[in-house]
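Each remark here refers to the structure printed beneath this line.
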Amino acid sequence: MDLYEYQGKQYFARFGIPISPGGVADTVDEAVAQAEAAGYPVVVKAQVKVGGRGKAGGIQLADDAEAVRRHAATILGMDIHGHTVHRLWIENASDIAREYYASFTLDRGAKLHLCMVSAKGGVEIEEVAATDPDAISRLHVDPVDGLSLAAAAGLVAEAGIDEEARSQAAALLVKLYTCYVEGDCDLAEINPLILTTDGRVHALDAKVTLDDNAAYRHPEWDAFADDEELDEREKLAREKGLNYIGLSGSVGIIANGAGLAMSTLDVVTQVGGTAANFLDIGGGANADVMAAALDVINSDAAVRAIFVNIFGGITRVDEVANGVVEALRRVDIRSPIVLRLDGTHAEAGREILAEHLSEKLVMEPTMLAAARRAVALAGGEK
Amino acid sequence: MSIFVDQNTKVVVQGLTGGQGRFHGLRNRDYGTQVVAGVTPGKGGTDVDGVPIFDTMAEAVAATGADASFVVVPPKFAADAIVEAADAGISFIVCITEGIPAQDEALFYNRLRRDHPSTRLLGPNCPGIISPGKCNIGITSGDIAMAGGPVGIVSRSGTLTYQALHELSQQGVGQTTCVGIGGDPVPGTSFIDCLAAFEGDPDTRAVMMIGEIGGSAEEQAATFIAEHMTKPVVCYIAGVTAPPGRKMGHAGAIISGSQGTAQAKMAALAAVGATVAQNPTEAGEMMVEVVKGLS
């Protein structure tokens, strides 16, 4: 889960990483109140999960209440690259002397954590990596050892961070590492990390991606999840615990396992169809999950046929079959369903469904045959 | 021959008393795998359908001489179970658990790398390993595999692993070993580990590799194939038409130096002489042709 800037900053603050005083506002009046509390001048920042806010006019400086009122009114409701602004972050404006970059993420190739620091912050870091790769200093961190202050200090010096900022930057890196590890982040990134004219180092932006798998040990994350932007179909799927991504085609897809679900999309496309969604019912899917999945797909008006592609492993096909039967009883499924069932208890699953087969519920022996059938039922390519 | 496991492999199931553990552990035993014990803290002295349960891995290993373990416990207990197995001297650990936090995976991977360099971890979040007719550890349905070689399979995706086995068996092409490495951020065993093992296994004469979008493991495998593989490799990468996934932020893209798209992976593999299929069925058909050309 990606966090908004304000959530990322609040998350940083839990781990003692210095940020500017500020607060969130959903209305113009709240924006003024937050500005009064933070102290002028303030920066009014649009909260959207997309880059390029500044260039789009979503970040404005304000010296007084009147300016805050004006900017807040303009930015709230603004469209930034397809994202509507519903919330602002108002913070005390910093006098910036220098801008740096710092991040932690997992280096999958090395199977170690990777810390990157650059004295060239405040710009797109991909651009720095492409044009001046030596400007980014890297340090692999073995999770068994963790990050020592000495190692952080060495990296900060190597990156060419200004002398007067080094000890603060090193201490901040150790805190950012703690946030990344104990806070279960996939990514913890500060760009820019600034040195102020009065000699303080702190985070002026926050890009945090949380590891959804760790949600069970972070009850405080519930507050973040509530704010996510999802379309109606995705909300329904989320409520039912399904891994669903809405697309714009006419063949609804249900598969078990992300790989098979992706492959199902591929095959539907290859035989001339268009997928309405990606839906992975996961391992161990039972009757309830299957019924919920059909319910979600059924709510998509664009769907004209449904392709259920199951290869049982930990998922038992007989349970999936029971789920299909249960769903047919509970919900009036508008579109014909094409089934392809193999793997664990596939025979039993096929037997359960045999007596329910009809024009609206058909079975095909292979993935390709089922894809062709589903695409044909959906009316072919559109 | 087979890689990593064979008919002599003795397996302890960590979590045999749970619902999934019991179902898949006993199914592995019924397949012919030597499932010699189960471990569940607090349930030592009992049994599951005749398989003795111990409180700890150390006790289970001392009593049975087990050398492999099958971890089928919930995510919050997986890290401890894996480290306990390695500490008890287990040399091959299969973990099917889905949903383990990446921070836990990074930690136990590196702990094993340091303290137990000869222990191999397969997974987490993988379907396991099957050497048809000899040993099946994990959640793969044994009846879709076919003994007698000559193809080795390695796959990142669980269900596509079964699909690959199924496509080959349907065409009458047997497998030496099928390894599902899992798609989690820190897999204990990589494509390269498996490709190297298949290259060294005299009975494996061709390899099917199933990848998917994201990361750069397939690109790394392509480099390995170019430098070290003499045996033919047939590949399929899932996700050609996948919607753009969750972006891993700026840092992720910089590290891998790859966009992680199926197209980029397919191009990298084709460039080193691997046969690249557009879907699992085509991969099966292409492998049939490759096998015909052997001999």
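By order in the structure tokens, chains are A, B, ...; within a chain, residues start at 1; ligands start at 1, following the order shown.
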
Non-local contacts of segment 141-144 of chain A (9 Å; only C-alpha atoms; under 6 positions in same chain excluded) as a PyMOL selection string:
(chain A and resi 111-115+181) or (chain B and resi 103+106-108+110-111)

Polymer residues at most 12 Å from Val48 of chain B, only C-alpha atoms, same-chain spacing of 2 or more positions, as a list of chain:residue names
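Contacts, with the query itself left out: B:Val13, B:Gly15, B:Leu16, B:Thr17, B:Gly18, B:Gly19, B:Gly21, B:Arg22, B:Phe23, B:Gly25, B:Leu26, B:Arg29, B:Val35, B:Val36, B:Ala37, B:Gly38, B:Val39, B:Thr40, B:Lys43, B:Gly44, B:Gly45, B:Thr46, B:Gly50, B:Val51, B:Pro52, B:Ile53, B:Phe54.
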
Considering only C-alpha atoms, can you say which of B:Ala62, B:Ala262, B:Ala196, B:Ile139 comes closest to chain A?
B:Ile139

Identify, with DSSP run on backbone atoms, the residues in segment 69-184 of chain A assigned to strand (DSSP E), and express the list as a PyMOL selection string.
chain A and resi 79-80+83-84+88-92+96-107+112-118+136-141

Taking the backbone alone, and naming residues the way the document does, which bits of segment 9-213 of chain B are helix (DSSP H, G or I) by DSSP, as a PyMOL selection string?
chain B and resi 19-31+57-64+75-87+102-115+142-144+158-170+191-200

Would you mind exporting the chosen residues as a PDB file, in the first residue's frame, restricted to C-alpha atoms?
ATOM      1  CA  GLY B  19      -5.904 -28.372   8.379  1.00  0.00           C
ATOM      2  CA  GLN B  20      -3.654 -27.647   5.392  1.00  0.00           C
ATOM      3  CA  GLY B  21      -0.710 -29.494   6.950  1.00  0.00           C
ATOM      4  CA  ARG B  22      -2.708 -32.631   7.480  1.00  0.00           C
ATOM      5  CA  PHE B  23      -4.283 -32.589   4.029  1.00  0.00           C
ATOM      6  CA  HIS B  24      -1.098 -31.964   2.062  1.00  0.00           C
ATOM      7  CA  GLY B  25       1.311 -33.780   4.409  1.00  0.00           C
ATOM      8  CA  LEU B  26      -0.687 -37.005   4.260  1.00  0.00           C
ATOM      9  CA  ARG B  27      -1.203 -36.543   0.528  1.00  0.00           C
ATOM     10  CA  ASN B  28       2.589 -36.309   0.117  1.00  0.00           C
ATOM     11  CA  ARG B  29       2.941 -39.507   2.151  1.00  0.00           C
ATOM     12  CA  ASP B  30       0.295 -41.282   0.084  1.00  0.00           C
ATOM     13  CA  TYR B  31       2.241 -40.277  -3.022  1.00  0.00           C
ATOM     14  CA  MET B  57      12.430 -30.017  15.176  1.00  0.00           C
ATOM     15  CA  ALA B  58      15.518 -31.130  17.144  1.00  0.00           C
ATOM     16  CA  GLU B  59      13.526 -34.008  18.680  1.00  0.00           C
ATOM     17  CA  ALA B  60      11.985 -34.956  15.347  1.00  0.00           C
ATOM     18  CA  VAL B  61      15.356 -35.042  13.591  1.00  0.00           C
ATOM     19  CA  ALA B  62      17.015 -37.000  16.428  1.00  0.00           C
ATOM     20  CA  ALA B  63      14.254 -39.615  16.402  1.00  0.00           C
ATOM     21  CA  THR B  64      13.810 -40.039  12.639  1.00  0.00           C
ATOM     22  CA  PRO B  75       2.730 -16.371   8.199  1.00  0.00           C
ATOM     23  CA  LYS B  76       3.432 -15.143  11.716  1.00  0.00           C
ATOM     24  CA  PHE B  77       5.015 -18.476  12.706  1.00  0.00           C
ATOM     25  CA  ALA B  78       6.891 -19.189   9.462  1.00  0.00           C
ATOM     26  CA  ALA B  79      10.129 -17.352  10.230  1.00  0.00           C
ATOM     27  CA  ASP B  80      10.645 -19.209  13.511  1.00  0.00           C
ATOM     28  CA  ALA B  81       9.741 -22.543  11.919  1.00  0.00           C
ATOM     29  CA  ILE B  82      12.289 -22.096   9.127  1.00  0.00           C
ATOM     30  CA  VAL B  83      15.124 -21.055  11.422  1.00  0.00           C
ATOM     31  CA  GLU B  84      14.271 -23.904  13.813  1.00  0.00           C
ATOM     32  CA  ALA B  85      14.473 -26.414  10.972  1.00  0.00           C
ATOM     33  CA  ALA B  86      17.877 -25.123   9.878  1.00  0.00           C
ATOM     34  CA  ASP B  87      19.167 -25.105  13.451  1.00  0.00           C
ATOM     35  CA  ALA B 102       9.215  -9.201   3.251  1.00  0.00           C
ATOM     36  CA  GLN B 103      11.246  -7.995   6.239  1.00  0.00           C
ATOM     37  CA  ASP B 104      10.941 -11.464   7.815  1.00  0.00           C
ATOM     38  CA  GLU B 105      11.988 -13.113   4.547  1.00  0.00           C
ATOM     39  CA  ALA B 106      15.061 -10.907   4.198  1.00  0.00           C
ATOM     40  CA  LEU B 107      16.039 -11.669   7.776  1.00  0.00           C
ATOM     41  CA  PHE B 108      15.713 -15.449   7.714  1.00  0.00           C
ATOM     42  CA  TYR B 109      17.225 -15.726   4.255  1.00  0.00           C
ATOM     43  CA  ASN B 110      20.364 -13.960   5.436  1.00  0.00           C
ATOM     44  CA  ARG B 111      20.426 -15.811   8.749  1.00  0.00           C
ATOM     45  CA  LEU B 112      20.422 -19.109   6.860  1.00  0.00           C
ATOM     46  CA  ARG B 113      22.998 -17.838   4.363  1.00  0.00           C
ATOM     47  CA  ARG B 114      25.315 -16.985   7.254  1.00  0.00           C
ATOM     48  CA  ASP B 115      24.708 -19.695   9.853  1.00  0.00           C
ATOM     49  CA  GLY B 142       0.932 -35.778  -7.723  1.00  0.00           C
ATOM     50  CA  ASP B 143      -1.260 -37.220 -10.450  1.00  0.00           C
ATOM     51  CA  ILE B 144      -0.480 -34.419 -12.906  1.00  0.00           C
ATOM     52  CA  GLY B 158       2.356 -21.766  -8.245  1.00  0.00           C
ATOM     53  CA  THR B 159      -0.573 -22.557 -10.479  1.00  0.00           C
ATOM     54  CA  LEU B 160       1.489 -22.157 -13.639  1.00  0.00           C
ATOM     55  CA  THR B 161       3.804 -24.824 -12.236  1.00  0.00           C
ATOM     56  CA  TYR B 162       0.879 -27.241 -12.287  1.00  0.00           C
ATOM     57  CA  GLN B 163      -0.133 -26.003 -15.712  1.00  0.00           C
ATOM     58  CA  ALA B 164       3.375 -26.734 -17.023  1.00  0.00           C
ATOM     59  CA  LEU B 165       3.398 -30.247 -15.534  1.00  0.00           C
ATOM     60  CA  HIS B 166      -0.053 -30.880 -16.944  1.00  0.00           C
ATOM     61  CA  GLU B 167       0.817 -29.659 -20.454  1.00  0.00           C
ATOM     62  CA  LEU B 168       3.857 -31.975 -20.598  1.00  0.00           C
ATOM     63  CA  SER B 169       2.186 -35.018 -19.046  1.00  0.00           C
ATOM     64  CA  GLN B 170      -0.772 -34.647 -21.431  1.00  0.00           C
ATOM     65  CA  PHE B 191      15.927 -19.746 -11.157  1.00  0.00           C
ATOM     66  CA  ILE B 192      19.712 -19.883 -11.437  1.00  0.00           C
ATOM     67  CA  ASP B 193      20.063 -22.408  -8.576  1.00  0.00           C
ATOM     68  CA  CYS B 194      17.618 -24.676 -10.390  1.00  0.00           C
ATOM     69  CA  LEU B 195      19.077 -24.155 -13.863  1.00  0.00           C
ATOM     70  CA  ALA B 196      22.540 -25.021 -12.497  1.00  0.00           C
ATOM     71  CA  ALA B 197      21.205 -28.153 -10.792  1.00  0.00           C
ATOM     72  CA  PHE B 198      19.369 -29.272 -13.954  1.00  0.00           C
ATOM     73  CA  GLU B 199      22.482 -28.609 -16.040  1.00  0.00           C
ATOM     74  CA  GLY B 200      24.384 -30.950 -13.686  1.00  0.00           C
TER      75      GLY B 200
END

Can you pull out every residue within 10 Å of segment 67-73 of chain A, counting only C-alpha atoms, but drop anything in the same chain fewer than 6 positions away, and send it as a list in words?
Ala25, Asp26, Thr27, Val28, Asp29, Glu30, Ala31, Val32, Ala33, Gln34, Ala35, Glu36, Tyr40, Pro41, Val42, Val43, Val44, Lys45, Ala46, Gly57, Gly58, Ile59, Gln60, Leu61, Arg87, Leu88, Trp89 and Ile90 of chain A

Can I get the selected residues back with C-alpha atoms, as a PDB file, in the first residue's frame?
ATOM      1  CA  ALA A  25      -7.055  19.886   5.751  1.00  0.00           C
ATOM      2  CA  ASP A  26     -10.093  18.809   3.707  1.00  0.00           C
ATOM      3  CA  THR A  27     -11.687  22.279   3.499  1.00  0.00           C
ATOM      4  CA  VAL A  28     -10.527  25.851   3.032  1.00  0.00           C
ATOM      5  CA  ASP A  29     -11.348  26.711   6.644  1.00  0.00           C
ATOM      6  CA  GLU A  30      -9.381  23.740   7.935  1.00  0.00           C
ATOM      7  CA  ALA A  31      -6.459  24.812   5.754  1.00  0.00           C
ATOM      8  CA  VAL A  32      -6.407  28.251   7.376  1.00  0.00           C
ATOM      9  CA  ALA A  33      -6.609  26.718  10.863  1.00  0.00           C
ATOM     10  CA  GLN A  34      -3.684  24.386  10.092  1.00  0.00           C
ATOM     11  CA  ALA A  35      -1.677  27.285   8.679  1.00  0.00           C
ATOM     12  CA  GLU A  36      -2.258  29.357  11.833  1.00  0.00           C
ATOM     13  CA  TYR A  40       3.511  31.449   8.350  1.00  0.00           C
ATOM     14  CA  PRO A  41       4.810  31.243   5.746  1.00  0.00           C
ATOM     15  CA  VAL A  42       3.278  27.849   4.886  1.00  0.00           C
ATOM     16  CA  VAL A  43       3.270  25.477   1.934  1.00  0.00           C
ATOM     17  CA  VAL A  44      -0.107  24.216   0.722  1.00  0.00           C
ATOM     18  CA  LYS A  45       0.396  20.762  -0.822  1.00  0.00           C
ATOM     19  CA  ALA A  46      -2.100  18.656  -2.766  1.00  0.00           C
ATOM     20  CA  GLY A  57       0.197  23.721  -9.609  1.00  0.00           C
ATOM     21  CA  GLY A  58      -0.582  21.488  -6.646  1.00  0.00           C
ATOM     22  CA  ILE A  59       2.067  22.996  -4.353  1.00  0.00           C
ATOM     23  CA  GLN A  60       1.843  26.689  -3.400  1.00  0.00           C
ATOM     24  CA  LEU A  61       3.537  29.000  -0.921  1.00  0.00           C
ATOM     25  CA  ARG A  87      -7.028  16.652   0.904  1.00  0.00           C
ATOM     26  CA  LEU A  88      -4.217  19.117   1.583  1.00  0.00           C
ATOM     27  CA  TRP A  89      -1.146  19.013   3.751  1.00  0.00           C
ATOM     28  CA  ILE A  90      -0.292  22.423   5.198  1.00  0.00           C
TER      29      ILE A  90
END

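Within 6 Å of segment 278-292 of chain A there are Leu242, Asn243, Tyr244, Ile245, Ile254, Ala255, Asn256, Gly257, Ala258, Ala261, Asp295, Ile314, Thr315, Glu319, Val320, Asn322, Gly323 and Ala327 of chain A, counting only C-alpha atoms and ignoring same-chain residues fewer than 3 positions away.
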
Leaving out segment 270-286 of chain B and any residue of its chain fewer than 4 positions from it, which residues lie within 9 Å of it when counting only C-alpha atoms, given as a ChimeraX atom specification?
/A:263-264,266-267,270,366-368 /B:160,163-168,171,208,210,222-223,225-226,232-238,240,265-266,290-291

Extract, using only C-alpha atoms, all DNA, RNA and protein residues at most 9 Å from segment 350-357 of chain A, discarding same-chain residues fewer than 2 positions from it, and format them as an mmCIF file with C-alpha atoms, in the first residue's frame.
data_model
loop_
_atom_site.group_PDB
_atom_site.id
_atom_site.type_symbol
_atom_site.label_atom_id
_atom_site.label_comp_id
_atom_site.auth_asym_id
_atom_site.auth_seq_id
_atom_site.Cartn_x
_atom_site.Cartn_y
_atom_site.Cartn_z
ATOM 1 C CA VAL A 317 -11.354 -27.996 -7.042
ATOM 2 C CA ASP A 318 -14.328 -29.677 -5.365
ATOM 3 C CA ALA A 321 -17.193 -26.307 -7.662
ATOM 4 C CA ASN A 322 -19.332 -26.034 -4.538
ATOM 5 C CA VAL A 324 -19.912 -22.005 -8.150
ATOM 6 C CA VAL A 325 -23.067 -23.937 -7.274
ATOM 7 C CA LEU A 341 -10.949 -27.170 -13.847
ATOM 8 C CA ASP A 342 -7.809 -29.223 -13.224
ATOM 9 C CA HIS A 345 -9.779 -33.041 -6.566
ATOM 10 C CA ALA A 346 -10.617 -31.961 -10.133
ATOM 11 C CA GLU A 347 -12.624 -35.123 -10.836
ATOM 12 C CA ALA A 348 -14.792 -34.556 -7.788
ATOM 13 C CA GLU A 359 -26.213 -22.943 -21.773
ATOM 14 C CA LYS A 360 -25.111 -20.553 -19.063
ATOM 15 C CA LEU A 361 -22.619 -22.876 -17.391
ATOM 16 C CA VAL A 362 -20.246 -24.720 -19.694
ATOM 17 C CA MET A 363 -17.077 -26.688 -19.125
#

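Taking only C-alpha atoms into account, Ala275 of chain A lies nearest to B:Thr241 out of the set B:Thr241, B:Thr261, B:Ser131, B:Thr189.
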
Within 10 Å of Gly16 of chain A, counting only C-alpha atoms, which residues show up once you throw out same-chain ones fewer than 6 positions away? Write them as a PyMOL selection string, please.
chain A and resi 10+172+175-176+178-179
